[in-house]
>>> print(open('query38.cif').read())   # mmCIF, C-alpha atoms
data_my_file
#
loop_
_atom_site.label_atom_id
_atom_site.label_comp_id
_atom_site.auth_asym_id
_atom_site.auth_seq_id
_atom_site.Cartn_x
_atom_site.Cartn_y
_atom_site.Cartn_z
CA MET I 18 -6.15 16.62 26.56
CA ASN I 19 -6.65 17.43 22.84
CA LEU I 20 -9.16 15.02 21.24
CA ASN I 21 -8.28 16.00 17.67
CA PRO I 22 -6.02 13.19 16.33
CA LEU I 23 -4.43 15.59 13.82
CA PHE I 24 -3.00 17.53 16.76
CA TYR I 25 -0.63 14.63 17.42
CA LEU I 26 0.56 14.59 13.79
CA SER I 27 1.29 18.31 13.61
CA THR I 28 4.71 19.93 13.84
CA ASN I 29 6.07 23.38 13.06
CA GLN I 30 7.33 22.12 9.71
CA PHE I 31 4.23 20.03 9.10
CA PRO I 32 1.12 21.79 10.50
CA ILE I 33 -1.22 19.12 9.15
CA GLY I 34 -4.07 19.97 11.56
CA ARG I 35 -4.08 23.65 10.63
CA ASP I 36 -3.76 22.97 6.89
CA PHE I 37 -6.48 20.29 7.00
CA ASN I 38 -8.91 22.68 8.70
CA ARG I 39 -8.08 25.40 6.18
CA GLY I 40 -8.63 22.96 3.33
CA ILE I 41 -12.04 21.96 4.68
CA GLU I 42 -13.05 25.61 5.02
CA LYS I 43 -11.94 26.35 1.45
CA ILE I 44 -13.96 23.45 0.10
CA LYS I 45 -17.01 24.64 2.05
CA ALA I 46 -16.68 28.07 0.42
CA PHE I 47 -16.83 26.66 -3.12
CA SER I 48 -19.95 26.73 -5.27
CA LEU I 49 -22.16 23.66 -4.88
CA LEU I 50 -20.95 21.99 -8.08
CA LYS I 51 -17.26 22.65 -7.38
CA LYS I 52 -17.72 21.55 -3.77
CA LEU I 53 -19.23 18.23 -4.89
CA VAL I 54 -16.37 17.62 -7.35
CA PHE I 55 -13.69 18.25 -4.70
CA ILE I 56 -15.46 16.08 -2.13
CA PHE I 57 -15.72 13.37 -4.80
CA TRP I 58 -11.93 13.65 -5.32
CA ILE I 59 -11.16 13.54 -1.60
CA ILE I 60 -13.12 10.31 -1.00
CA GLY I 61 -11.21 8.50 -3.76
CA PRO I 62 -9.02 6.39 -1.44
CA PHE I 63 -12.15 4.93 0.17
CA ILE I 64 -13.81 4.23 -3.19
CA TYR I 65 -10.67 2.27 -4.09
CA LEU I 66 -11.39 -0.04 -1.15
CA ILE I 67 -14.60 -1.25 -2.81
CA GLU I 68 -13.59 -2.77 -6.16
CA ARG I 69 -11.98 -1.95 -9.48
CA ASP I 70 -15.11 -0.86 -11.33
CA PRO I 71 -16.15 1.80 -8.78
CA ALA I 72 -12.52 2.99 -8.66
CA ASP I 73 -12.38 3.15 -12.46
CA LEU I 74 -15.67 5.06 -12.60
CA TRP I 75 -14.30 7.52 -10.01
CA LEU I 76 -11.06 8.11 -11.90
CA SER I 77 -12.71 8.30 -15.32
CA SER I 78 -15.38 10.71 -14.07
CA ILE I 79 -12.76 13.10 -12.72
CA GLY I 80 -10.86 12.96 -16.00
CA LEU I 81 -14.05 13.65 -17.99
CA ILE I 82 -15.04 16.58 -15.75
CA PHE I 83 -11.52 17.97 -16.14
CA ILE I 84 -11.64 17.82 -19.95
CA ILE I 85 -15.09 19.51 -19.97
CA ARG I 86 -13.68 22.21 -17.69
CA CYS I 87 -10.75 22.74 -20.07
CA PHE I 88 -13.18 23.29 -22.97
CA VAL I 89 -15.35 25.67 -20.93
CA LYS I 90 -12.38 27.73 -19.67
CA ASN I 91 -10.29 27.21 -22.83
CA ASP I 92 -7.39 26.27 -20.56
CA TRP I 93 -5.03 23.89 -22.34
CA ALA I 94 -1.65 25.24 -21.19
CA TRP I 95 -1.01 22.02 -19.24
CA ILE I 96 -0.64 20.12 -22.52
CA GLY I 97 2.66 21.98 -23.06
CA GLN I 98 4.34 20.03 -20.25
CA TRP I 99 6.91 17.54 -21.49
CA TRP I 100 5.39 14.61 -19.61
CA VAL I 101 2.02 15.31 -21.26
CA ILE I 102 3.58 15.72 -24.72
CA PHE I 103 5.31 12.34 -24.53
CA THR I 104 2.18 10.75 -23.06
CA ILE I 105 0.23 11.92 -26.12
CA LEU I 106 2.96 10.67 -28.47
CA LEU I 107 2.96 7.29 -26.69
CA TYR I 108 -0.82 7.17 -26.95
CA ILE I 109 -0.79 7.91 -30.69
CA SER I 110 2.00 5.41 -31.35
CA GLY I 111 0.06 2.76 -29.43
CA LEU I 112 -3.05 3.32 -31.53
CA MET I 113 -0.98 3.18 -34.72
CA SER I 114 0.58 -0.09 -33.53
CA ALA I 115 -2.91 -1.44 -32.98
CA LEU I 116 -4.12 -0.49 -36.47
CA LEU I 117 -1.02 -2.02 -38.07
CA GLY I 118 -0.97 -5.12 -35.87
CA PRO I 119 -2.68 -8.50 -36.14
CA TYR I 120 -5.36 -7.80 -33.48
CA LYS I 121 -6.68 -4.46 -34.71
CA SER I 122 -10.02 -4.09 -32.91
CA PHE I 123 -8.86 -5.67 -29.64
CA SER I 124 -5.59 -3.72 -29.45
CA PHE I 125 -7.18 -0.44 -30.55
CA TYR I 126 -9.76 -0.74 -27.78
CA GLU I 127 -7.05 -1.56 -25.21
CA GLY I 128 -4.95 1.41 -26.27
CA LEU I 129 -7.85 3.83 -26.76
CA LEU I 130 -9.13 3.66 -23.16
CA TRP I 131 -5.68 3.89 -21.54
CA ILE I 132 -5.55 7.68 -21.88
CA ARG I 133 -8.07 8.12 -19.04
CA PHE I 134 -5.32 7.38 -16.51
CA PRO I 135 -2.85 10.17 -17.43
CA ILE I 136 -5.82 12.54 -17.90
CA TYR I 137 -6.73 11.90 -14.26
CA ALA I 138 -3.13 12.66 -13.22
CA ALA I 139 -3.26 15.93 -15.18
CA ALA I 140 -6.56 16.82 -13.48
CA ALA I 141 -5.02 16.22 -10.05
CA GLN I 142 -1.95 18.25 -10.96
CA VAL I 143 -3.35 21.34 -12.66
CA TRP I 144 -6.78 21.69 -11.08
CA LEU I 145 -7.70 19.66 -8.01
CA GLY I 146 -4.30 19.91 -6.33
CA GLN I 147 -3.66 23.61 -6.86
CA ASP I 148 -4.14 24.46 -3.18
CA LYS I 149 -1.70 23.03 -0.61
CA ASP I 150 -4.36 22.96 2.12
CA ILE I 151 -6.70 20.90 -0.05
CA ARG I 152 -3.78 18.60 -0.85
CA LYS I 153 -3.39 18.07 2.91
CA VAL I 154 -7.06 17.07 3.09
CA MET I 155 -6.36 14.45 0.42
CA PHE I 156 -3.24 13.38 2.34
CA ILE I 157 -5.38 12.67 5.41
CA SER I 158 -7.88 10.82 3.21
CA ILE I 159 -5.04 8.62 1.90
CA LEU I 160 -3.92 8.03 5.49
CA GLY I 161 -7.48 7.08 6.50
CA GLY I 162 -7.78 4.66 3.58
CA MET I 163 -4.44 3.06 4.45
CA LEU I 164 -5.39 2.57 8.11
CA LEU I 165 -8.75 1.10 7.09
CA MET I 166 -6.99 -1.32 4.72
CA CYS I 167 -4.67 -2.38 7.56
CA ILE I 168 -7.72 -3.07 9.76
CA ILE I 169 -9.32 -5.12 6.96
CA LEU I 170 -6.15 -7.19 6.55
CA PHE I 171 -5.84 -7.66 10.32
CA LEU I 172 -9.38 -9.07 10.36
CA GLU I 173 -8.56 -11.38 7.44
CA LEU I 174 -5.50 -12.69 9.25
CA ASN I 175 -7.67 -13.64 12.22
CA ILE I 176 -10.79 -14.83 10.38
CA GLU I 177 -9.41 -16.41 7.21
CA PRO I 178 -5.61 -16.71 7.51
CA LYS I 179 -3.67 -17.72 4.39
CA GLN I 180 -0.29 -17.12 2.72
CA ARG I 181 -1.65 -14.59 0.19
CA LEU I 182 -4.23 -12.14 1.56
CA THR I 183 -7.08 -11.05 -0.71
CA TRP I 184 -9.54 -8.92 1.25
CA PRO I 185 -11.38 -6.71 0.30
CA TYR I 186 -10.96 -7.56 -3.42
CA GLY I 187 -11.03 -11.34 -3.51
CA ASP I 188 -7.74 -11.12 -5.42
CA HIS I 189 -4.03 -10.75 -4.59
CA LEU I 190 -4.19 -6.94 -4.65
CA PRO I 191 -4.44 -5.41 -1.15
CA GLY I 192 -0.66 -4.98 -1.04
CA SER I 193 -0.90 -2.83 -4.17
CA TYR I 194 -3.25 -0.49 -2.35
CA ILE I 195 -0.74 0.13 0.44
CA ALA I 196 2.35 0.06 -1.77
CA LYS I 197 0.96 2.49 -4.36
CA ILE I 198 -2.10 4.40 -3.11
CA SER I 199 -0.59 4.90 0.36
CA LEU I 200 2.99 5.46 -0.75
CA PRO I 201 2.84 9.29 -0.28
CA VAL I 202 1.90 8.77 3.38
CA ILE I 203 4.59 6.17 4.11
CA CYS I 204 7.33 8.18 2.38
CA GLY I 205 6.07 11.45 3.83
CA PHE I 206 6.15 10.33 7.44
CA ILE I 207 9.58 8.71 7.12
CA THR I 208 10.93 11.88 5.53
CA LEU I 209 9.61 13.96 8.42
CA ILE I 210 11.49 11.67 10.81
CA SER I 211 14.67 11.83 8.71
CA LEU I 212 14.69 15.63 8.61
CA LYS I 213 14.48 16.05 12.35
CA PHE I 214 13.45 13.80 15.21
CA ILE I 215 10.33 15.48 16.61
CA LYS I 216 7.59 14.65 19.08
CA PRO I 217 5.21 12.85 16.65
CA SER I 218 8.08 10.80 15.17
CA ILE I 219 7.02 7.68 17.06
CA ILE I 220 3.50 7.97 15.57
CA PHE I 221 4.95 8.55 12.08
CA PHE I 222 7.19 5.51 12.49
CA ILE I 223 4.36 3.25 13.72
CA ILE I 224 2.09 4.25 10.82
CA SER I 225 4.80 3.69 8.20
CA LEU I 226 5.91 0.43 9.82
CA SER I 227 2.28 -0.79 9.86
CA GLY I 228 2.13 -0.26 6.11
CA VAL I 229 5.35 -2.22 5.61
CA VAL I 230 4.23 -5.07 7.88
CA PHE I 231 0.84 -5.49 6.25
CA VAL I 232 2.28 -5.43 2.73
CA PHE I 233 4.60 -8.20 3.87
CA LEU I 234 1.70 -10.18 5.31
CA THR I 235 -0.21 -9.95 2.01
CA GLY I 236 2.58 -12.03 0.47
CA GLU I 237 3.07 -9.59 -2.43
CA ARG I 238 6.82 -9.50 -2.86
CA GLY I 239 7.00 -6.89 -5.61
CA ASN I 240 4.89 -4.43 -3.64
CA PHE I 241 6.89 -5.15 -0.50
CA LEU I 242 10.07 -4.27 -2.38
CA ILE I 243 8.49 -1.01 -3.59
CA VAL I 244 7.61 0.00 -0.02
CA ILE I 245 10.99 -0.96 1.43
CA SER I 246 12.90 0.82 -1.34
CA SER I 247 10.79 3.96 -0.97
CA LEU I 248 11.15 3.93 2.79
CA PHE I 249 14.91 3.46 2.61
CA LEU I 250 15.38 6.28 0.07
CA SER I 251 13.13 8.60 2.08
CA LEU I 252 15.18 7.85 5.18
CA ILE I 253 18.64 8.54 3.77
CA LEU I 254 18.31 11.10 0.97
CA PHE I 255 17.65 14.17 3.09
CA ARG I 256 20.05 13.65 5.96
CA LYS I 257 22.44 16.60 6.05
CA SER I 258 24.58 15.24 8.86
CA LYS I 259 26.80 12.25 8.03
CA LYS I 260 26.67 11.19 11.66
CA ILE I 261 22.86 11.15 11.69
CA LEU I 262 22.87 9.37 8.32
CA PHE I 263 25.16 6.67 9.71
CA LEU I 264 22.97 6.26 12.80
CA SER I 265 19.86 6.07 10.60
CA LEU I 266 21.41 3.29 8.55
CA ILE I 267 22.42 1.40 11.69
CA ILE I 268 18.88 1.71 13.07
CA PHE I 269 17.35 0.67 9.73
CA ILE I 270 19.63 -2.37 9.39
CA SER I 271 19.06 -3.35 13.03
CA ILE I 272 15.28 -3.17 12.71
CA SER I 273 15.48 -5.13 9.43
CA MET I 274 17.59 -7.89 11.01
CA ILE I 275 15.32 -8.15 14.06
CA SER I 276 12.27 -8.24 11.79
CA LEU I 277 13.78 -10.97 9.59
CA ALA I 278 14.65 -13.05 12.65
CA SER I 279 11.13 -12.63 14.04
CA ILE I 280 9.53 -13.52 10.70
CA ASN I 281 11.74 -16.59 10.37
CA PHE I 282 10.58 -17.70 13.81
CA LEU I 283 6.86 -16.87 13.45
CA TYR I 284 6.24 -17.24 9.70
CA LYS I 285 8.76 -19.78 8.36
CA ASN I 286 7.00 -20.29 5.00
CA GLN I 287 6.62 -16.55 4.45
CA PHE I 288 10.27 -16.02 5.34
CA LEU I 289 11.35 -18.50 2.68
CA ARG I 290 8.99 -16.91 0.15
CA PHE I 291 10.58 -13.49 0.68
CA THR I 292 14.20 -14.69 0.81
CA ASN I 293 15.34 -17.88 -0.97
CA GLN I 294 12.31 -18.21 -3.22
CA PHE I 295 12.31 -14.51 -4.05
CA VAL I 296 15.96 -14.45 -5.09
CA ASN I 297 15.45 -17.59 -7.17
CA SER I 298 12.55 -15.95 -9.03
CA ILE I 299 14.42 -12.78 -10.08
CA PRO I 300 14.45 -12.90 -13.91
CA ILE I 301 17.93 -11.43 -14.43
CA ILE I 302 19.38 -14.02 -12.02
CA ASN I 303 17.39 -17.13 -12.93
CA MET I 304 16.67 -17.61 -16.66
CA SER I 305 15.94 -21.30 -16.41
CA ASP I 306 12.93 -23.12 -17.87
CA ASN I 307 11.26 -23.39 -14.46
CA ASN I 308 11.19 -19.66 -13.68
CA PRO I 309 7.85 -18.25 -14.95
CA TYR I 310 8.92 -14.70 -14.05
CA TRP I 311 11.76 -14.86 -16.56
CA GLY I 312 9.44 -16.76 -18.90
CA ALA I 313 7.05 -13.79 -18.96
CA TRP I 314 9.93 -11.41 -19.78
CA ARG I 315 11.24 -13.84 -22.40
CA SER I 316 7.89 -14.06 -24.17
CA GLY I 317 7.75 -10.25 -24.33
CA ILE I 318 11.28 -10.04 -25.74
CA GLN I 319 10.49 -12.69 -28.36
CA GLN I 320 7.29 -10.89 -29.32
CA ALA I 321 9.17 -7.57 -29.58
CA LEU I 322 11.54 -9.08 -32.14
CA GLU I 323 8.67 -9.80 -34.54
CA LYS I 324 7.84 -6.13 -35.15
CA PRO I 325 10.64 -4.25 -33.41
CA LEU I 326 9.74 -0.78 -34.71
CA ILE I 327 5.99 -0.54 -34.09
CA GLY I 328 5.11 -3.63 -32.03
CA LEU I 329 2.04 -5.82 -32.28
CA GLY I 330 -0.44 -3.48 -30.57
CA PRO I 331 -1.52 -2.75 -26.97
CA GLY I 332 -2.67 -5.85 -25.11
CA SER I 333 -1.45 -8.16 -27.88
CA SER I 334 0.64 -10.30 -25.50
CA ARG I 335 -2.39 -12.13 -24.11
CA LYS I 336 -3.39 -13.23 -27.64
CA HIS I 337 -0.04 -13.60 -29.38
CA CYS I 338 2.20 -15.30 -26.84
CA SER I 339 0.59 -18.73 -27.13
CA GLN I 340 1.05 -18.64 -30.91
CA MET I 341 4.82 -18.25 -30.73
CA SER I 342 7.07 -21.29 -30.90
CA TYR I 343 9.19 -21.97 -27.83
CA ASP I 344 11.92 -23.15 -30.19
CA GLN I 345 12.34 -19.76 -31.86
CA LYS I 346 15.20 -17.50 -30.79
CA ASP I 347 17.41 -20.25 -29.40
CA TRP I 348 19.87 -17.64 -28.16
CA LEU I 349 17.24 -16.61 -25.58
CA PRO I 350 17.55 -18.95 -22.57
CA GLY I 351 14.59 -20.39 -20.72
CA LYS I 352 11.02 -21.07 -21.77
CA ASN I 353 8.14 -18.71 -22.48
CA TYR I 354 5.44 -18.21 -19.88
CA CYS I 355 2.26 -16.90 -21.48
CA GLY I 356 0.35 -14.63 -19.15
CA ASN I 357 -1.70 -11.58 -20.04
CA HIS I 358 1.40 -9.36 -20.29
CA PRO I 359 5.21 -9.60 -19.93
CA HIS I 360 5.20 -8.28 -16.33
CA ASN I 361 7.65 -5.46 -17.08
CA TYR I 362 6.63 -2.03 -18.39
CA TYR I 363 9.65 -1.58 -20.65
CA ILE I 364 9.49 -5.04 -22.20
CA GLN I 365 5.74 -4.66 -22.68
CA LEU I 366 6.13 -1.27 -24.36
CA MET I 367 8.77 -2.74 -26.68
CA SER I 368 6.67 -5.80 -27.54
CA GLU I 369 3.30 -4.05 -27.91
CA THR I 370 4.24 -0.57 -29.19
CA GLY I 371 7.72 -1.21 -30.57
CA LEU I 372 10.90 0.82 -30.27
CA ILE I 373 8.93 4.00 -31.00
CA GLY I 374 6.54 3.41 -28.11
CA LEU I 375 9.38 2.38 -25.80
CA ILE I 376 11.22 5.66 -26.47
CA PHE I 377 8.10 7.78 -25.95
CA GLY I 378 7.13 5.80 -22.83
CA SER I 379 10.61 6.06 -21.31
CA LEU I 380 10.64 9.81 -21.94
CA MET I 381 7.19 10.06 -20.35
CA PHE I 382 8.53 8.28 -17.26
CA PHE I 383 11.57 10.56 -17.15
CA PHE I 384 9.60 13.79 -17.40
CA ILE I 385 7.05 12.67 -14.80
CA ILE I 386 9.98 12.14 -12.42
CA LYS I 387 11.49 15.49 -13.42
CA THR I 388 8.15 17.29 -12.97
CA CYS I 389 7.71 15.77 -9.51
CA PHE I 390 11.28 16.80 -8.68
CA ASN I 391 10.32 20.39 -9.53
CA ALA I 392 8.16 20.36 -6.38
CA THR I 393 11.37 20.67 -4.37
CA LYS I 394 11.99 24.02 -6.08
CA ILE I 395 8.43 25.34 -6.00
CA ASN I 396 7.97 25.08 -2.23
CA LYS I 397 11.32 24.52 -0.52
CA ASN I 398 9.80 24.84 2.96
CA CYS I 399 7.44 21.88 2.59
CA PRO I 400 9.12 18.68 3.83
CA LEU I 401 6.70 16.50 1.87
CA ASN I 402 7.69 18.10 -1.43
CA LYS I 403 11.15 16.62 -0.97
CA ILE I 404 9.99 13.06 -1.55
CA PHE I 405 7.35 13.03 -4.28
CA PHE I 406 9.85 12.46 -7.08
CA LEU I 407 10.75 9.16 -5.37
CA ILE I 408 7.29 7.77 -6.07
CA PRO I 409 7.55 7.65 -9.89
CA ILE I 410 11.16 6.48 -9.57
CA VAL I 411 10.18 3.34 -7.65
CA LEU I 412 7.02 2.78 -9.71
CA PHE I 413 8.94 2.97 -13.01
CA PHE I 414 12.18 1.29 -11.94
CA PRO I 415 13.14 -0.83 -14.97
CA LEU I 416 14.28 -4.08 -13.30
CA GLN I 417 11.09 -5.02 -11.49
CA GLN I 418 8.00 -7.13 -11.97
CA THR I 419 5.04 -4.93 -12.87
CA GLY I 420 1.38 -5.16 -13.70
CA ASN I 421 -0.14 -4.70 -17.14
CA PHE I 422 0.86 -1.30 -18.57
CA PHE I 423 -2.48 -1.07 -20.37
CA GLY I 424 -4.46 -2.91 -17.68
CA GLN I 425 -7.15 -1.60 -15.37
CA TRP I 426 -6.05 -2.34 -11.80
CA SER I 427 -2.37 -1.62 -12.34
CA ASN I 428 -3.09 1.80 -13.83
CA LEU I 429 -5.74 2.66 -11.26
CA PHE I 430 -3.18 2.22 -8.51
CA ILE I 431 -0.11 3.84 -10.04
CA TRP I 432 -1.82 6.85 -11.68
CA PHE I 433 -3.61 7.74 -8.45
CA SER I 434 -0.24 7.93 -6.71
CA LEU I 435 1.32 9.75 -9.66
CA GLY I 436 -1.57 12.24 -9.71
CA TYR I 437 -1.03 13.13 -6.07
CA SER I 438 2.73 13.40 -6.58
CA LEU I 439 2.27 15.64 -9.63
CA SER I 440 -0.24 17.81 -7.76
CA ASN I 441 2.63 19.06 -5.63
CA SER I 442 4.26 20.36 -8.84
CA ASN I 443 1.24 22.27 -10.08
CA ASN I 444 3.07 25.52 -10.82
CA TYR I 445 3.43 24.30 -14.40
CA LYS I 446 2.64 27.63 -16.09
CA SER I 447 5.74 29.35 -14.66
CA LEU I 448 7.83 26.36 -15.73
CA LEU I 449 6.40 26.58 -19.26
CA LEU I 450 7.30 30.28 -19.41
CA LYS I 451 10.87 29.43 -18.46
CA LYS I 452 10.96 26.75 -21.13
CA SER I 453 9.80 29.20 -23.81
#
>>> encode(input="query38.cif", output="structure tokens")
Amino acid sequence: MNLNPLFYLSTNQFPIGRDFNRGIEKIKAFSLLKKLVFIFWIIGPFIYLIERDPADLWLSSIGLIFIIRCFVKNDWAWIGQWWVIFTILLYISGLMSALLGPYKSFSFYEGLLWIRFPIYAAAAQVWLGQDKDIRKVMFISILGGMLLMCIILFLELNIEPKQRLTWPYGDHLPGSYIAKISLPVICGFITLISLKFIKPSIIFFIISLSGVVFVFLTGERGNFLIVISSLFLSLILFRKSKKILFLSLIIFISISMISLASINFLYKNQFLRFTNQFVNSIPIINMSDNNPYWGAWRSGIQQALEKPLIGLGPGSSRKHCSQMSYDQKDWLPGKNYCGNHPHNYYIQLMSETGLIGLIFGSLMFFFIIKTCFNATKINKNCPLNKIFFLIPIVLFFPLQQTGNFFGQWSNLFIWFSLGYSLSNSNNYKSLLLKKS
């Protein structure tokens, strides 16, 4: 009997045990300083389980080390990527919006520090993730962090049960960890099943299903929708046989119906929260005065109309919303809800950085997706490379509730996942040559 758990996750198409061992050996062969940096990167998913400040320090440190390395090696070719170009343009436009807006020092500070997140993603793409075996080591680290989070949430359910789970953060965020940090693992395993039913498929299915179940139990509906959408797309996009695709859909729908029936029986309140109450809270469906989700969008739209070209500055929503009259813009239905941000990336970009920032931000989203899609061309034999473009698609889908675009936790989660997705498209120099 093989005692190595990676043995039971390995297939001919996905030799995770072999690649993991190779990755470990490669890290061991590095110089001491480089070895420490790569180990520091690999343990990131576990640092994220502590709190936001340690996670922010981890991400910011990697970004700083990367920039120092670029100066030392005079290696700036990565800046020529379209997603980086539009990130820089968005960054500059945000700072200009801050300087021209009513909350200059506050907005400038909010916008100034945001750049650390895409710098981390660039570091993961062009440096830390250059080797596929080391990427597999990070993949296993993400899997380990996800399983540990599931154990933490299982303990909370038994020790301190409640409708919205909060461990280990003391806030309604554990679902974000699974839905964003662990998304490569969930999508990856489902894709492996969808390509070909193989011996470890049951293990892959159980791991992915555990992620889905525990996101549901956290009570975080937006994150649950992200996981379900990602899982569904991973399941159907790569089926070559129509017959197998049809069977996959039947199985997916059957499991969904059985799960809904079970939830309705065991967790009646949670069932209502994720069905009737969820539909009633969708902003584009319910624009009434009593829907705070639409109210947050409405406040962002109203704010955007004040300075439509350049916006009011990053982070301005938390200060400006309460100063706006509810009676303005009568053609907008509903009533403003003043939170810290409009809860939608596109509305927030329009309100805080104007039409200019919205265009640059949308192009940044598009080229991140396109760059991740290039992974399917770089290594056609890797089944995981087929799905990484799905991650930015679901994270940047326009019609969803989101966190603060310039906020700490939201960016820590999404840019970690984006960094790992981009790392599978690290052959950027050959793509730049083609572009030129």
>>> resolve_selection(input="query38.cif", expression="the PyMOL selection byres ((chain I and resi 277-292) around 12)", output="VMD selection string")
chain I and resid 179 to 181 230 232 to 242 270 to 276 293 to 299
>>> atom_distance(input="query38.cif", atom1="atom CA of I:Ile157", atom2="atom CA of I:Phe63")
11.5 Å
>>> closest_residue(input="query38.cif", among="I:Asn443, I:Leu165, I:Ala321, I:Arg133", to="I:Asn396", atoms="all atoms listed in the file")
I:Asn443
>>> residues_around(input="query38.cif", residues="stretch 410-414 of chain I", least_positions_apart="4", cutoff="8 Å", atoms="all atoms listed in the file", output="PyMOL selection string")
chain I and resi 243+246-247+362+382+386+406+431
>>> write_last_selection(input="query38.cif", atoms="C-alpha atoms", output="short mmCIF file (atom, residue, chain, number, x, y, z; two decimals), keeping the file's coordinate frame")
data_model
loop_
_atom_site.label_atom_id
_atom_site.label_comp_id
_atom_site.auth_asym_id
_atom_site.auth_seq_id
_atom_site.Cartn_x
_atom_site.Cartn_y
_atom_site.Cartn_z
CA ILE I 243 8.49 -1.01 -3.59
CA SER I 246 12.90 0.82 -1.34
CA SER I 247 10.79 3.96 -0.97
CA TYR I 362 6.63 -2.03 -18.39
CA PHE I 382 8.53 8.28 -17.26
CA ILE I 386 9.98 12.14 -12.42
CA PHE I 406 9.85 12.46 -7.08
CA ILE I 431 -0.11 3.84 -10.04
#
>>> atom_distance(input="query38.cif", atom1="atom CA of I:Phe156", atom2="atom CA of I:Trp426")
21.3 Å
>>> closest_residue(input="query38.cif", among="I:Ser339, I:Asn38, I:Gln417, I:Gln142", to="I:Trp95", atoms="all atoms listed in the file")
I:Gln142
>>> resolve_selection(input="query38.cif", expression="the PyMOL selection byres ((chain I and resi 423) around 9)", output="PyMOL selection string")
chain I and resi 127-128+130-131+331-332+420-422+424-425+427-428
>>> residues_around(input="query38.cif", residues="stretch 78-93 of chain I", least_positions_apart="3", cutoff="7 Å", atoms="all atoms listed in the file", output="PDB file with C-alpha atoms, keeping the file's coordinate frame")
ATOM      1  CA  LEU I  74     -15.670   5.060 -12.600  1.00  0.00           C
ATOM      2  CA  TRP I  75     -14.300   7.520 -10.010  1.00  0.00           C
ATOM      3  CA  ILE I  96      -0.640  20.120 -22.520  1.00  0.00           C
ATOM      4  CA  ARG I 133      -8.070   8.120 -19.040  1.00  0.00           C
ATOM      5  CA  ILE I 136      -5.820  12.540 -17.900  1.00  0.00           C
ATOM      6  CA  TYR I 137      -6.730  11.900 -14.260  1.00  0.00           C
ATOM      7  CA  ALA I 140      -6.560  16.820 -13.480  1.00  0.00           C
TER       8      ALA I 140
END
>>> atom_distance(input="query38.cif", atom1="atom CA of I:Lys397", atom2="atom CA of I:Ile44")
25.3 Å
>>> residues_around(input="query38.cif", residues="I:Ile151", least_positions_apart="2", cutoff="12 Å", atoms="only C-alpha atoms", output="MDAnalysis selection string")
chainID I and resid 33:45 52 55:56 58:59 141 144:149 153:158 437 440:441
